[in-house]
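**Q** The structure under discussion is supplied below as structure tokens; questions concerning it will follow.
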Amino acid sequence: MGALCTGHGEREAWEPPIPAGGRTAPRSPLPLPSQDAASSQRRRRALLHASLCASPGCGAAMSPLRWGAWLLLLAGPAASTASPADESGGARGGGRGDGERGAGDEPQRQHHDSSYGTFASEFYDLRYLSEEGYPFPTAPPVDPFAKIKVDDCGKTKGCFRYGKPGCNAETCDYFLSYRRIGADVEFELSADTDGWVAVGFSSDKKMGGDDVMACVHDDNGRVRIQHFYNVGQWAKEIQRNPARDEEGIFENNRVTCRFKRPVYVPRDETIVDLHLSWYYLFAWGPAIQGSITRHDIDSPPVSERVVSIYKYEDIFMPSAAYQTFSSPFCLLLIVALTFYLLMGTP
């Protein structure tokens, strides 16, 4: 096959066997290569094998790519001597033989005969590259975060809204929803912050000894679900995290997340059973390098009464800006000032 490696590293050209009746023309309709083309073919085979067999024992160490290149070259005289440009030229010339080729065909053949590197690069491009380039696999599309629906509040899930009257999950200062799904409870949290948003489950309305689930926005743009336990006024991260099916997003300067946690859990000081009723603590604030810091307001809102996951309510709590004008003292003061202005001084 082509130029063979002898035991001493010598190379000799392979000649096809001559039948008893002399050489016979092949049955292929393609024209026979000329003497110059046959000599060029032998030279190219020798160059190819010299590149493939540069060291002793090369036959066993050759890669599949090189074996494929060798076999493709030796597939036949027509396949190894005629390039696509030659075939198209022959078709245009009405099936001219090699001896009848024009002067324009000779530079193309000489270009292909220049070196093995040229042939190998063309073979690699033909075998492994498409017209658009190497077909690298593309990453699967990422499912967008489903927006929180507030129309179901009080019907199929319970909700807490803190902020301006009539606000929703995208405009409230703080928003939380919960609903039972099989043996889990799904929570949705959202707050007007670029740091973190959390909910705590407490046996009283004070911070300390509470099971806390927080959604934290880190410096890489991700929103991670973390588990904390309040020790006094400080939150300690707990490695055991009951959250599952976590997803979160930071968009429009809001941290929003969704996760599930089981209703029943093995007895643990840092994880409460949600089938019991607890006060819900609502908090949010900034984060530094993915670590939570003190909450935004000094007195975060707390649910007025214990919350049961088996009862769905839609509860609104006005923020401090709207609580001022709704308190009885402020209303009485406004009435007094209005009466004073209308009556005037004596």
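Numbering starts fresh at 1 for the residues of each chain in the structure tokens, the chains themselves are lettered A, B, ... in the order given, and ligands are numbered from 1 as they appear.
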So that each row is one residue of range 247-319 of chain A with an atom at most 10 Å from range 212-219 of chain A, can you give its shortest atom pair and the distance in Å to one decimal, using only C-alpha atoms, rows by chain and rising number, as a Markdown table?
**A**
```
| residue | atom | partner | partner_atom | distance |
| --- | --- | --- | --- | --- |
| A:Glu247 | CA | A:Cys215 | CA | 9.4 |
| A:Gly248 | CA | A:Cys215 | CA | 7.6 |
| A:Ile249 | CA | A:His217 | CA | 8.3 |
| A:Phe250 | CA | A:His217 | CA | 7.0 |
| A:Arg254 | CA | A:His217 | CA | 9.6 |
| A:Val255 | CA | A:His217 | CA | 6.9 |
| A:Thr256 | CA | A:Cys215 | CA | 7.6 |
| A:Cys257 | CA | A:Cys215 | CA | 6.4 |
| A:Arg258 | CA | A:Cys215 | CA | 8.7 |
| A:Phe259 | CA | A:Cys215 | CA | 9.4 |
| A:Arg261 | CA | A:Met213 | CA | 9.8 |
| A:Thr270 | CA | A:Val212 | CA | 8.7 |
| A:Ile271 | CA | A:Val212 | CA | 8.5 |
| A:Val272 | CA | A:Val212 | CA | 9.7 |
| A:Tyr280 | CA | A:Val212 | CA | 9.6 |
| A:Leu281 | CA | A:Val212 | CA | 8.7 |
| A:Phe282 | CA | A:Val212 | CA | 9.7 |
| A:Ala283 | CA | A:Ala214 | CA | 9.1 |
| A:Trp284 | CA | A:Ala214 | CA | 8.8 |
| A:Gly285 | CA | A:Val216 | CA | 9.6 |
| A:Pro286 | CA | A:His217 | CA | 9.0 |
| A:Ala287 | CA | A:His217 | CA | 7.3 |
| A:Ile288 | CA | A:Asp218 | CA | 7.8 |
| A:Gln289 | CA | A:Asp219 | CA | 5.6 |
| A:Gly290 | CA | A:Asp218 | CA | 3.9 |
| A:Ser291 | CA | A:Val216 | CA | 7.5 |
| A:Ile292 | CA | A:Val216 | CA | 7.2 |
```
**Q** Determine which residues of range 213-311 of chain A DSSP labels as strand (DSSP E or B) from the backbone of this structure, then write them out as a PyMOL selection string.
**A** chain A and resi 213-217+223-231+234-237+244-251+254-262+268+271+278-285+287-288+291-292+302+307
